[in-house]
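Input: a single structure, listed below in structure tokens.
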Amino acid sequence: MQPNGSSDENFAFVAELDNIRLFTNLLKAVNVKERANFFISMNGLKVTVQDSKTMQLSAFVEHGFFQEYTLRPGFGDEEGSDDLAFNVSLSIVMNCLELFGDSSTSHLKICYQGYGNPLVLYMDDQGVTMDCLVKTQDVEDCIDFNFANSSVLTKVIVNSEMFKEVVSTLNPSCSEVTLKINHDSLKFLTASEYGDTEVELKNTSRMVDTFICNAPVSATYNLSLLKQGLKPLSFSIKASIRIDSREFLSIQHLVSIDGEGQGFTEFYCIPNTDVEDD
């Protein structure tokens with residue numbers, strides 16, 4: 001399949017994928033803002049959106065997730081690197097993908113020629129084909145939440161399918177939710193004019209794979225933002241919840257296809273106290 005008659009050799013990046021549905025779900029999980037940064041490296045494809053300085057969402061797809069993944073040397077944005085980065089309208093990309101995304105017979109080809117060129121999406125479903133060219137621009141600045149170098153106080157890994165039922169009971173009328181984690185349990189607490197609710201997950205629950213608490217934590221977050229971080233529970237395998245010494249919250253989701261690589265989503269959010277101090 002050659003988009004617009006172009007040879008693959010003309011592109012800095014070419015990737016092909018048969019499971020469009022799962023790829024679409026990954027991008028849908030971060031589709032909360034109009035525009036997104038795309039980062040392409042030999043490790044895979046990462047799509048990042050950011051809401052001011054309070055929240056950041058990323059979807060990462062390993063190169064092994066694709067049937068073909070080619071990043072040509074010498075085409076990178078910077079000298080000495082083959083990595084590529086650009087910013088696009090995520091809503092336009094999603095509109096294109098969703099035209100074929102629910103079909104199990106769809107095939108997707110992603111092409112990018114390099115700086116200043118459009119992102120090309122070529123889709124085929126049993127002989128029905130479509131080309132989408134999406135304009136690109138320079139990447140937008142992203143905050144480094146620096147979780148790798150922070151002091152993580154708590155880490156809880158859960159089974160997504162079972163955990164989804166737990167968080168579905170959170171009161172949707174509340175604007176905030178407090179996470180309390182100690183050595184025995186993880187609690188979600190909400191308060192409204194209609195009363196307080198508490199959802200507790202014991203460290204002995206069968207849905208818990210890992211429960212680490214180096215120090216008790218109690219922090220409050222925007223509930224609408226937290227829900228964005230929990231959206232991938234509907235299609236992920238496992239979810240990891242971490243809070244560091246700054247009370248920054250991280251939620252990671254693992255998505256996997258047997259023998260075909262893995263995908264991840266990452267959610268970062270600061271506590272509401274930091275928003276007020278700004």
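Going through the structure tokens in order, the chains are called A, B, and so on, while each chain numbers its residues from 1 and the ligands are numbered from 1 in the order shown.
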### Task
Name all residues at most 7 Å from Met207 in chain A (count only C-alpha atoms; drop same-chain ones fewer than 3 positions away) and give them as a list in words.
Val158, Asn159, Met162 and Phe163 of chain A
Proximity of range 110-129 of chain A to range 76-100 of chain A: per-residue shortest pair, 8 Å limit, only C-alpha atoms, as JSON lines:
{"residue": "A:Gly114", "atom": "CA", "partner": "A:Leu84", "partner_atom": "CA", "distance": 7.3}
{"residue": "A:Tyr115", "atom": "CA", "partner": "A:Asp77", "partner_atom": "CA", "distance": 6.7}
{"residue": "A:Leu121", "atom": "CA", "partner": "A:Cys96", "partner_atom": "CA", "distance": 7.9}
{"residue": "A:Met123", "atom": "CA", "partner": "A:Phe100", "partner_atom": "CA", "distance": 7.4}
{"residue": "A:Asp125", "atom": "CA", "partner": "A:Phe100", "partner_atom": "CA", "distance": 7.3}
Please, could you write that set of residues out with C-alpha atoms as a PDB file, in the first residue's frame?
ATOM      1  CA  GLY A 114       9.761  14.530   8.204  1.00  0.00           C
ATOM      2  CA  TYR A 115       9.695  18.075   9.549  1.00  0.00           C
ATOM      3  CA  LEU A 121      -2.931   7.770   7.548  1.00  0.00           C
ATOM      4  CA  MET A 123      -6.574   2.725   5.800  1.00  0.00           C
ATOM      5  CA  ASP A 125     -10.844  -2.502   4.840  1.00  0.00           C
TER       6      ASP A 125
END
Show which residues sit within 12 Å of range 174-184 of chain A, as a compact mmCIF listing (two decimals) with C-alpha atoms, in the first residue's frame. Count only C-alpha atoms, and ignore same-chain residues fewer than 6 positions away.
# COMPACT_ATOMS: atom_id res chain seq x y z
CA LEU A 153 5.64 6.71 48.66
CA THR A 154 2.96 4.28 47.47
CA LYS A 155 2.49 1.89 44.57
CA VAL A 156 -0.58 -0.27 44.02
CA VAL A 167 -14.15 3.02 40.97
CA THR A 190 -15.77 11.99 48.19
CA ALA A 191 -17.98 14.55 49.93
CA SER A 192 -21.04 16.43 48.70
CA GLU A 193 -24.15 18.10 50.05
CA TYR A 194 -25.87 14.72 49.80
CA GLY A 195 -23.35 13.00 52.03
CA ASP A 196 -19.90 11.41 52.11
CA THR A 197 -18.87 8.22 50.35
CA GLU A 198 -15.90 5.95 50.91
CA VAL A 199 -14.60 3.21 48.63
CA GLU A 200 -11.94 0.96 50.18
CA LEU A 201 -9.59 -1.53 48.58
CA LYS A 202 -7.84 -3.81 51.06
CA ASN A 203 -4.25 -4.86 50.39
CA THR A 204 -5.43 -8.48 50.69
CA SER A 205 -8.01 -8.13 47.91
CA VAL A 208 -4.38 -6.52 44.04
CA THR A 210 1.24 -5.39 44.30
CA PHE A 211 0.68 -3.19 47.35
CA ILE A 212 3.61 -1.06 48.56
CA CYS A 213 3.25 1.72 51.11
CA ASN A 214 6.51 3.29 52.28
CA ALA A 215 4.62 6.06 54.10
CA PRO A 216 0.91 6.89 54.58
CA VAL A 217 -0.48 9.34 52.02
CA SER A 218 -3.60 11.52 51.93
CA ALA A 219 -4.05 13.81 48.91
CA THR A 220 -6.98 15.43 47.11
CA TYR A 221 -7.41 15.61 43.33
CA ASN A 222 -9.87 16.93 40.80
CA LEU A 223 -12.35 14.08 40.22
CA SER A 224 -12.95 14.92 36.56
CA LEU A 225 -9.20 14.73 35.91
CA LEU A 226 -8.89 11.47 37.84
CA LYS A 227 -11.62 9.95 35.68
CA ILE A 241 -1.35 3.78 40.95
CA ARG A 242 1.57 5.71 42.42
CA ILE A 243 1.86 8.81 44.62
CA ASP A 244 5.19 10.46 45.34
CA GLU A 247 1.67 14.11 46.27
CA PHE A 248 1.80 13.96 42.47
CA LEU A 249 -0.40 11.13 41.19
CA PRO A 271 -2.98 17.64 43.93
CA ASN A 272 -5.55 20.39 44.25
CA THR A 273 -3.51 22.21 46.88
### Query
Could you name the residues that touch Glu9 in chain A at 12 Å or less, counting only C-alpha atoms, but leaving out those on the same chain fewer than 6 positions away, as a count of residues only?
10
### Every residue of range 17-264 of chain A that DSSP places in strand (DSSP E or B), as a ChimeraX atom specification
/A:17,35-41,44-51,55-62,68-71,84-89,106-112,119-125,128-134,137,152-159,176-181,185-192,195-202,208-213,217-222,238-244,249-256,262-264
Among range 21-160 of chain A, which ones does DSSP place in helix (DSSP H, G or I), written as a PDB file with C-alpha atoms, in the first residue's frame?
ATOM      1  CA  ARG A  21      -9.415  -1.052  17.273  1.00  0.00           C
ATOM      2  CA  LEU A  22      -6.910  -1.349  20.113  1.00  0.00           C
ATOM      3  CA  PHE A  23      -4.714   1.416  18.684  1.00  0.00           C
ATOM      4  CA  THR A  24      -7.793   3.649  18.442  1.00  0.00           C
ATOM      5  CA  ASN A  25      -8.705   2.869  22.064  1.00  0.00           C
ATOM      6  CA  LEU A  26      -5.233   3.907  23.207  1.00  0.00           C
ATOM      7  CA  LEU A  27      -5.502   7.250  21.437  1.00  0.00           C
ATOM      8  CA  LYS A  28      -9.087   7.687  22.579  1.00  0.00           C
ATOM      9  CA  ALA A  29      -7.870   7.427  26.170  1.00  0.00           C
ATOM     10  CA  HIS A  63       7.344  -0.927  18.077  1.00  0.00           C
ATOM     11  CA  GLY A  64       6.525  -4.637  18.451  1.00  0.00           C
ATOM     12  CA  PHE A  65       2.830  -3.743  18.552  1.00  0.00           C
ATOM     13  CA  LEU A  90      -5.789  14.740  17.692  1.00  0.00           C
ATOM     14  CA  SER A  91      -9.495  15.173  17.010  1.00  0.00           C
ATOM     15  CA  ILE A  92      -8.862  14.983  13.236  1.00  0.00           C
ATOM     16  CA  VAL A  93      -6.690  11.880  13.666  1.00  0.00           C
ATOM     17  CA  MET A  94      -9.413  10.255  15.771  1.00  0.00           C
ATOM     18  CA  ASN A  95     -12.117  11.107  13.239  1.00  0.00           C
ATOM     19  CA  CYS A  96     -10.080   9.377  10.540  1.00  0.00           C
ATOM     20  CA  LEU A  97      -9.364   6.275  12.631  1.00  0.00           C
ATOM     21  CA  GLU A  98     -12.923   5.863  13.850  1.00  0.00           C
ATOM     22  CA  PHE A 147       8.405  10.707  38.477  1.00  0.00           C
ATOM     23  CA  ALA A 148      11.474   8.604  37.707  1.00  0.00           C
ATOM     24  CA  ASN A 149      13.628  10.703  40.037  1.00  0.00           C
ATOM     25  CA  SER A 160      -8.163  -3.557  35.605  1.00  0.00           C
TER      26      SER A 160
END
### Query
So how far away is CA of Met55 in chain A from CA of Lys33 in chain A, in Å?
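These two atoms are separated by 11.2 Å.
Closest approach to Thr265 in chain A from the set A:Ser106, A:Asn43, A:Ser185, A:Thr48 is made by A:Thr48, with distances taken over only C-alpha atoms.
For the atom pair formed by CA of Asn146 in chain A and CA of Leu57 in chain A, the distance is 14.0 Å, given to one decimal.
Of the residues under consideration (A:Gly127, A:Val49, A:Leu17, A:Glu161), A:Glu161 shows the shortest atom-to-atom contact distance to Arg206 in chain A when counting only C-alpha atoms.
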### Message
So the first atom is CA of Ala59 in chain A and the second is CA of Gly263 in chain A; what is the distance between them in Å, to one decimal place?
### Response
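Separation of CA of Ala59 in chain A and CA of Gly263 in chain A: 7.4 Å.
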